[in-house]
Amino acid sequence: MSHVAVLGAGSWGTAFAKVLADAGRDVLLWARRPAVAEAISTTRTNPDYLPRLRLPAAVRASTDAAEAITGADLVVLAVPAQTLRGNLAEWARHLEPDSTLVSLMKGIELGTTKRMSEVIVETAGVAADRVVVVSGPNLAAEIADEQPAATVVACTDTDRATLVQASVSTPYLRPYTNDDVIGCELGGAVKNVIALAYGMTTAMGLGDNTRATLITRGLAETARLGVALGADPLTFAGLAGLGDLVATCSSPLSRNRTFGEHLGRGETLEQAQTATRQTAEGVKSCLAIRDLSRAHGVEMPITEQVERVCHEGADPRTAMAVLMSRKPRPE
Ligand SMILES: NC(=O)C1=CN([C@@H]2O[C@H](COP(=O)(O)OP(=O)(O)OC[C@H]3O[C@@H](n4cnc5c(N)ncnc54)[C@H](OP(=O)(O)O)[C@@H]3O)[C@@H](O)[C@H]2O)C=CC1
Ligand SMILES: O=C(CO)COP(=O)(O)O
């Protein structure tokens with residue numbers, strides 16, 4: 001069996017490399033910065049992202065993406081959603097002819113409003129059934145800690161999904177296959193936006209009724225968009241929908257929720273960006289998701305308000321008042 005390339009040695013790429021190794025695969029993990037690759041090679045740790053994790057010997061690190069991709073049967077993409085297109089444009093020529101591309105990213109591309117699997121198909125010039133999406137309630141630090149969790153491995157080609165499922169099955173991670181790529185990707189991208197709103201309400205000192213309402217109505221607008229794009233509505237009741245939404249909103253580990261807390265305390269976007277270092281995908285994706293919803297005539301009131309707070313300087317309290325004063329309607 002050949003090796004797996006994991007491209008991106010941030011929180012999730014690093015934790016996912018461990019999962020693959022624990023499932024019996026040899027992994028070559030690409031890090032953008034030499035210091036990260038060096039730390040992994042010499043100390044088996046990635047102190048910038050997951051300082052407590054000791055990586056298994058089957059994970060090697062490199063700063064050479066061509067070396068990582070060449071000969072790999074699985075190529076896992078774990079970079080920020082908005083850099084994927086540029087990264088993959090450089091990497092695609094090294095892909096093996098029938099390799100499987102696995103997307104870990106939870107975002108929608110700005111400008112094009114494309115899902116990550118669509119960006120992969122377009123940029124790498126591969127068939128859609130070669131792309132597998134992994135999404136679910138998978139906070140990287142908890143997975144690295146081997147706390148039991150489940151995830152979804154989605155692909156239009158069931159055999160390929162099953163192959164990836166086998167490559168990420170460990171005693172602490174239980175992957176389920178699914179053929180609804182659209183639903184799984186939308187669940188992952190939109191929950192980051194709802195988690196921003198949840199973080200804002202947390203910082204505003206609002207209680208559990210407010211937060212349960214946000215989760216429930218957030219899921220409703222996610223499913224509305226999903227159905228308009230061809231997703232199976234049941235996906236949103238599953239791990240990649242409700243599961244990930246609940247995990248992200250309720251966890252202080254979530255970068256999106258934490259970012260929302262900064263905004264809820266009255267900080268500007270720039271202040272929140274300075275205070276938080278890692279990728280909070282919802283901050284940019286809320287723009288793309290709003291555009292996508294408007295293009296399909298789907299109402300997404302929470303997403304609209306999150307976008308206004310993030311990018312138009314709206315006050316979170318005003319945003320909440322706008323949501324509460326919407327025209328009455330049936331559930
Ligand atoms: N963390 C989590 O718990 C989970 C994250 N995800 C998703 O995984 C994706 C990756 O996130 P995550 O690993 O958490 O992010 P992190 O912020 O932890 O790490 C980002 C990684 O991408 C690299 N990077 C940053 N900019 C570029 C660029 N321009 N080109 C190439 N690489 C770049 C960083 O390198 P450097 O260190 O050099 O800056 C780093 O290795 C996101 O879409 C996220 O939503 C999904 C499930 C769980
Ligand atoms: O996607 C995640 C958990 O499933 C991680 O969420 P954050 O990116 O908000 O940390």
# chains A, B, ... in the order shown; residues from 1 in each chain; ligands from 1

$ residues_near_ligand --ligand "ligand 2" --cutoff "6 Å" --atoms "only C-alpha atoms and all ligand atoms" --output "tab-separated table (two decimals) with C-alpha atoms, in the first residue's frame"
chain	number	residue	atom	x	y	z
A	136	GLY	CA	-18.50	15.94	11.54
A	137	PRO	CA	-18.15	16.97	15.19
A	138	ASN	CA	-14.37	16.72	15.15
A	139	LEU	CA	-12.65	19.35	17.27
A	192	ASN	CA	-19.08	27.97	11.50
A	244	ASP	CA	-21.07	19.41	14.16
A	248	THR	CA	-18.82	23.73	17.55
A	254	SER	CA	-13.99	26.24	18.68
A	255	ARG	CA	-12.12	29.03	16.91
A	256	ASN	CA	-15.38	30.27	15.33
A	257	ARG	CA	-17.26	30.45	18.62
A	280	ALA	CA	-12.06	30.80	11.85

$ closest_atom_pairs --of "chain A" --to "ligand 1" --cutoff "8 Å" --atoms "only C-alpha atoms and all ligand atoms" --output "CSV"
residue,atom,partner,partner_atom_place_in_ligand_line,distance
A:Leu7,CA,ligand 1,32 (N),8.0
A:Gly8,CA,ligand 1,41 (O),4.4
A:Ala9,CA,ligand 1,41 (O),3.9
A:Gly10,CA,ligand 1,19 (O),3.2
A:Ser11,CA,ligand 1,18 (O),3.8
A:Trp12,CA,ligand 1,13 (O),3.8
A:Gly13,CA,ligand 1,13 (O),5.1
A:Thr14,CA,ligand 1,13 (O),7.3
A:Ala31,CA,ligand 1,41 (O),5.9
A:Arg32,CA,ligand 1,38 (O),4.6
A:Arg33,CA,ligand 1,38 (O),4.8
A:Val36,CA,ligand 1,37 (O),7.2
A:Asp48,CA,ligand 1,37 (O),7.4
A:Tyr49,CA,ligand 1,18 (O),6.2
A:Ala78,CA,ligand 1,10 (C),4.6
A:Val79,CA,ligand 1,22 (O),4.1
A:Pro80,CA,ligand 1,43 (O),4.9
A:Ala81,CA,ligand 1,43 (O),5.1
A:Thr83,CA,ligand 1,29 (N),5.0
A:Leu84,CA,ligand 1,30 (N),7.2
A:Gly86,CA,ligand 1,30 (N),7.6
A:Asn87,CA,ligand 1,30 (N),5.9
A:Leu104,CA,ligand 1,8 (O),5.0
A:Met105,CA,ligand 1,43 (O),3.3
A:Lys106,CA,ligand 1,45 (O),4.1
A:Gly107,CA,ligand 1,43 (O),5.7
A:Ser135,CA,ligand 1,47 (C),6.5
A:Gly136,CA,ligand 1,47 (C),7.1
A:Pro137,CA,ligand 1,47 (C),7.4
A:Asn138,CA,ligand 1,48 (C),5.0
A:Leu139,CA,ligand 1,3 (O),3.6
A:Ala140,CA,ligand 1,3 (O),3.6
A:Ala141,CA,ligand 1,3 (O),6.6
A:Gly188,CA,ligand 1,45 (O),7.6
A:Ala189,CA,ligand 1,45 (O),7.5
A:Asn192,CA,ligand 1,45 (O),7.7
A:Leu253,CA,ligand 1,3 (O),7.9
A:Ser254,CA,ligand 1,3 (O),7.0
A:Arg255,CA,ligand 1,1 (N),7.8
A:Arg277,CA,ligand 1,17 (O),7.1
A:Gln278,CA,ligand 1,17 (O),3.7
A:Thr279,CA,ligand 1,17 (O),3.8
A:Ala280,CA,ligand 1,45 (O),6.8
A:Glu281,CA,ligand 1,45 (O),5.5

$ closest_residue --among "A:Val76, A:Ala57, A:Ala321, A:Val119" --to "Leu101 (chain A)" --atoms "only C-alpha atoms"
A:Val76

$ atom_distance --atom1 "CA of Cys184 (chain A)" --atom2 "CA of Ala240 (chain A)"
5.3 Å

$ select_by_dssp --residues "region 63-287 of chain A" --states "strand (DSSP E or B)" --output "JSON, numbers by chain"
{"A": [74, 75, 76, 77, 100, 101, 102, 103, 108, 115, 131, 132, 133, 134, 135, 149, 150, 151, 152, 153, 154, 170, 173, 174, 175, 176, 177, 178]}

$ closest_residue --among "A:Ala203, A:Ala247, A:Val190, A:Ala150" --to "Leu219 (chain A)" --atoms "only C-alpha atoms"
A:Val190

$ residues_around --residues "Trp91 (chain A)" --least-positions-apart "5" --cutoff "12 Å" --atoms "only C-alpha atoms" --output "list in words"
Ala5, Leu7, Trp30, Asp64, Ala65, Ala66, Glu67, Ala68, Ile69, Thr70, Val75, Val76, Leu77, Leu84, Arg85, Gly86, Glu96, Leu101, Ile120, Thr123, Ala124 and Gly125 of chain A

$ write_last_selection --atoms "C-alpha atoms" --output "short mmCIF file (atom, residue, chain, number, x, y, z; two decimals), in the first residue's frame"
data_model
loop_
_atom_site.label_atom_id
_atom_site.label_comp_id
_atom_site.auth_asym_id
_atom_site.auth_seq_id
_atom_site.Cartn_x
_atom_site.Cartn_y
_atom_site.Cartn_z
CA ALA A 5 -0.22 12.82 1.83
CA LEU A 7 -1.30 18.83 2.99
CA TRP A 30 3.24 18.75 4.41
CA ASP A 64 8.08 19.60 -0.14
CA ALA A 65 4.48 19.17 -1.36
CA ALA A 66 5.62 17.36 -4.54
CA GLU A 67 7.43 14.77 -2.41
CA ALA A 68 4.31 14.30 -0.27
CA ILE A 69 1.89 13.93 -3.20
CA THR A 70 4.00 11.74 -5.47
CA VAL A 75 -4.23 13.15 -0.76
CA VAL A 76 -5.79 14.95 2.19
CA LEU A 77 -6.30 18.71 1.87
CA LEU A 84 -7.18 26.03 -1.40
CA ARG A 85 -7.50 27.09 -5.04
CA GLY A 86 -4.05 28.71 -5.12
CA GLU A 96 -1.26 10.14 -9.20
CA LEU A 101 -8.62 13.63 -2.85
CA ILE A 120 -10.99 20.70 -6.03
CA THR A 123 -8.61 23.19 -9.96
CA ALA A 124 -7.22 19.65 -10.04
CA GLY A 125 -9.22 18.68 -13.13
#

$ closest_residue --among "A:Ala228, A:Ala212, A:Leu206, A:Leu234" --to "Gly297 (chain A)" --atoms "only C-alpha atoms"
A:Ala228

$ residues_around --residues "Val126 (chain A)" --least-positions-apart "5" --cutoff "10 Å" --atoms "only C-alpha atoms" --output "ChimeraX atom specification"
/A:92,95,97-101,120-121,131

$ select_by_dssp --residues "region 40-91 of chain A" --states "helix (DSSP H, G or I)" --output "VMD selection string"
chain A and resid 40 to 43 65 to 69 81 to 91

$ closest_residue --among "A:Ala15, A:Val6, A:Cys249, A:Val27" --to "Arg52 (chain A)" --atoms "only C-alpha atoms"
A:Ala15

$ atom_distance --atom1 "CA of Leu245 (chain A)" --atom2 "CA of Phe16 (chain A)"
19.8 Å

$ residues_around --residues "Leu196 (chain A)" --least-positions-apart "3" --cutoff "10 Å" --atoms "only C-alpha atoms" --output "count of residues only"
30

$ residues_around --residues "region 40-43 of chain A" --least-positions-apart "6" --cutoff "9 Å" --atoms "only C-alpha atoms" --output "PyMOL selection string"
chain A and resi 54-55+59-62

$ write_last_selection --atoms "N, CA and C atoms" --output "mmCIF file, in the first residue's frame"
data_model
loop_
_atom_site.group_PDB
_atom_site.id
_atom_site.type_symbol
_atom_site.label_atom_id
_atom_site.label_comp_id
_atom_site.auth_asym_id
_atom_site.auth_seq_id
_atom_site.Cartn_x
_atom_site.Cartn_y
_atom_site.Cartn_z
ATOM 1 N N ARG A 54 1.743 13.771 20.851
ATOM 2 C CA ARG A 54 2.972 13.133 20.346
ATOM 3 C C ARG A 54 2.579 12.314 19.132
ATOM 4 N N LEU A 55 3.124 12.663 17.998
ATOM 5 C CA LEU A 55 2.722 11.988 16.758
ATOM 6 C C LEU A 55 3.384 10.616 16.644
ATOM 7 N N VAL A 59 4.046 8.959 11.039
ATOM 8 C CA VAL A 59 3.844 10.297 10.459
ATOM 9 C C VAL A 59 5.213 10.950 10.260
ATOM 10 N N ARG A 60 5.563 11.197 8.985
ATOM 11 C CA ARG A 60 6.784 11.961 8.680
ATOM 12 C C ARG A 60 6.365 13.333 8.182
ATOM 13 N N ALA A 61 7.242 14.296 8.277
ATOM 14 C CA ALA A 61 6.890 15.661 7.836
ATOM 15 C C ALA A 61 7.848 16.138 6.763
ATOM 16 N N SER A 62 7.338 17.036 5.905
ATOM 17 C CA SER A 62 8.159 17.591 4.829
ATOM 18 C C SER A 62 7.609 18.962 4.460
#

$ decode --residues "region 243-312 of chain A" --atoms "C-alpha atoms" --output "PDB file, in the first residue's frame"
ATOM      1  CA  GLY A 243     -23.702  16.952  15.313  1.00  0.00           C
ATOM      2  CA  ASP A 244     -21.075  19.407  14.157  1.00  0.00           C
ATOM      3  CA  LEU A 245     -23.264  22.426  14.884  1.00  0.00           C
ATOM      4  CA  VAL A 246     -23.752  21.382  18.513  1.00  0.00           C
ATOM      5  CA  ALA A 247     -20.078  20.478  19.025  1.00  0.00           C
ATOM      6  CA  THR A 248     -18.823  23.730  17.551  1.00  0.00           C
ATOM      7  CA  CYS A 249     -21.311  26.009  19.279  1.00  0.00           C
ATOM      8  CA  SER A 250     -20.903  24.407  22.687  1.00  0.00           C
ATOM      9  CA  SER A 251     -17.104  24.089  22.723  1.00  0.00           C
ATOM     10  CA  PRO A 252     -14.736  26.748  24.044  1.00  0.00           C
ATOM     11  CA  LEU A 253     -12.157  24.996  21.780  1.00  0.00           C
ATOM     12  CA  SER A 254     -13.992  26.236  18.675  1.00  0.00           C
ATOM     13  CA  ARG A 255     -12.121  29.030  16.910  1.00  0.00           C
ATOM     14  CA  ASN A 256     -15.378  30.271  15.334  1.00  0.00           C
ATOM     15  CA  ARG A 257     -17.263  30.446  18.619  1.00  0.00           C
ATOM     16  CA  THR A 258     -14.253  32.118  20.263  1.00  0.00           C
ATOM     17  CA  PHE A 259     -14.058  34.669  17.446  1.00  0.00           C
ATOM     18  CA  GLY A 260     -17.756  35.395  17.934  1.00  0.00           C
ATOM     19  CA  GLU A 261     -17.146  35.958  21.650  1.00  0.00           C
ATOM     20  CA  HIS A 262     -14.597  38.656  20.798  1.00  0.00           C
ATOM     21  CA  LEU A 263     -17.122  40.378  18.533  1.00  0.00           C
ATOM     22  CA  GLY A 264     -19.823  40.007  21.172  1.00  0.00           C
ATOM     23  CA  ARG A 265     -17.581  41.865  23.640  1.00  0.00           C
ATOM     24  CA  GLY A 266     -17.642  44.790  21.252  1.00  0.00           C
ATOM     25  CA  GLU A 267     -14.281  44.238  19.527  1.00  0.00           C
ATOM     26  CA  THR A 268     -13.869  45.135  15.869  1.00  0.00           C
ATOM     27  CA  LEU A 269     -13.081  42.504  13.249  1.00  0.00           C
ATOM     28  CA  GLU A 270      -9.434  43.600  13.274  1.00  0.00           C
ATOM     29  CA  GLN A 271      -9.220  43.389  17.081  1.00  0.00           C
ATOM     30  CA  ALA A 272     -10.767  39.907  17.042  1.00  0.00           C
ATOM     31  CA  GLN A 273      -8.349  38.825  14.295  1.00  0.00           C
ATOM     32  CA  THR A 274      -5.380  40.051  16.305  1.00  0.00           C
ATOM     33  CA  ALA A 275      -6.594  38.244  19.416  1.00  0.00           C
ATOM     34  CA  THR A 276      -7.156  34.884  17.670  1.00  0.00           C
ATOM     35  CA  ARG A 277      -4.506  33.187  15.544  1.00  0.00           C
ATOM     36  CA  GLN A 278      -6.014  30.100  13.968  1.00  0.00           C
ATOM     37  CA  THR A 279      -8.451  29.774  11.075  1.00  0.00           C
ATOM     38  CA  ALA A 280     -12.061  30.798  11.855  1.00  0.00           C
ATOM     39  CA  GLU A 281     -13.597  29.914   8.499  1.00  0.00           C
ATOM     40  CA  GLY A 282     -17.024  31.438   9.203  1.00  0.00           C
ATOM     41  CA  VAL A 283     -15.618  34.973   9.174  1.00  0.00           C
ATOM     42  CA  LYS A 284     -14.992  34.898   5.433  1.00  0.00           C
ATOM     43  CA  SER A 285     -17.448  32.165   4.501  1.00  0.00           C
ATOM     44  CA  CYS A 286     -20.406  34.130   5.909  1.00  0.00           C
ATOM     45  CA  LEU A 287     -20.034  36.478   2.929  1.00  0.00           C
ATOM     46  CA  ALA A 288     -19.946  33.643   0.409  1.00  0.00           C
ATOM     47  CA  ILE A 289     -22.858  31.824   2.093  1.00  0.00           C
ATOM     48  CA  ARG A 290     -24.928  34.999   2.123  1.00  0.00           C
ATOM     49  CA  ASP A 291     -24.209  35.461  -1.596  1.00  0.00           C
ATOM     50  CA  LEU A 292     -25.069  31.818  -2.290  1.00  0.00           C
ATOM     51  CA  SER A 293     -28.359  32.099  -0.392  1.00  0.00           C
ATOM     52  CA  ARG A 294     -29.354  35.280  -2.204  1.00  0.00           C
ATOM     53  CA  ALA A 295     -28.491  33.721  -5.562  1.00  0.00           C
ATOM     54  CA  HIS A 296     -30.876  30.854  -4.751  1.00  0.00           C
ATOM     55  CA  GLY A 297     -33.581  33.010  -3.185  1.00  0.00           C
ATOM     56  CA  VAL A 298     -33.150  31.308   0.216  1.00  0.00           C
ATOM     57  CA  GLU A 299     -33.642  33.324   3.399  1.00  0.00           C
ATOM     58  CA  MET A 300     -30.748  32.983   5.871  1.00  0.00           C
ATOM     59  CA  PRO A 301     -31.421  35.659   8.468  1.00  0.00           C
ATOM     60  CA  ILE A 302     -28.791  34.586  10.997  1.00  0.00           C
ATOM     61  CA  THR A 303     -26.097  34.406   8.317  1.00  0.00           C
ATOM     62  CA  GLU A 304     -27.152  37.847   7.046  1.00  0.00           C
ATOM     63  CA  GLN A 305     -26.740  39.333  10.524  1.00  0.00           C
ATOM     64  CA  VAL A 306     -23.411  37.605  11.183  1.00  0.00           C
ATOM     65  CA  GLU A 307     -22.125  39.054   7.921  1.00  0.00           C
ATOM     66  CA  ARG A 308     -23.304  42.521   8.979  1.00  0.00           C
ATOM     67  CA  VAL A 309     -21.536  42.270  12.332  1.00  0.00           C
ATOM     68  CA  CYS A 310     -18.313  40.890  10.807  1.00  0.00           C
ATOM     69  CA  HIS A 311     -18.042  43.068   7.722  1.00  0.00           C
ATOM     70  CA  GLU A 312     -20.336  46.069   8.073  1.00  0.00           C
TER      71      GLU A 312
END
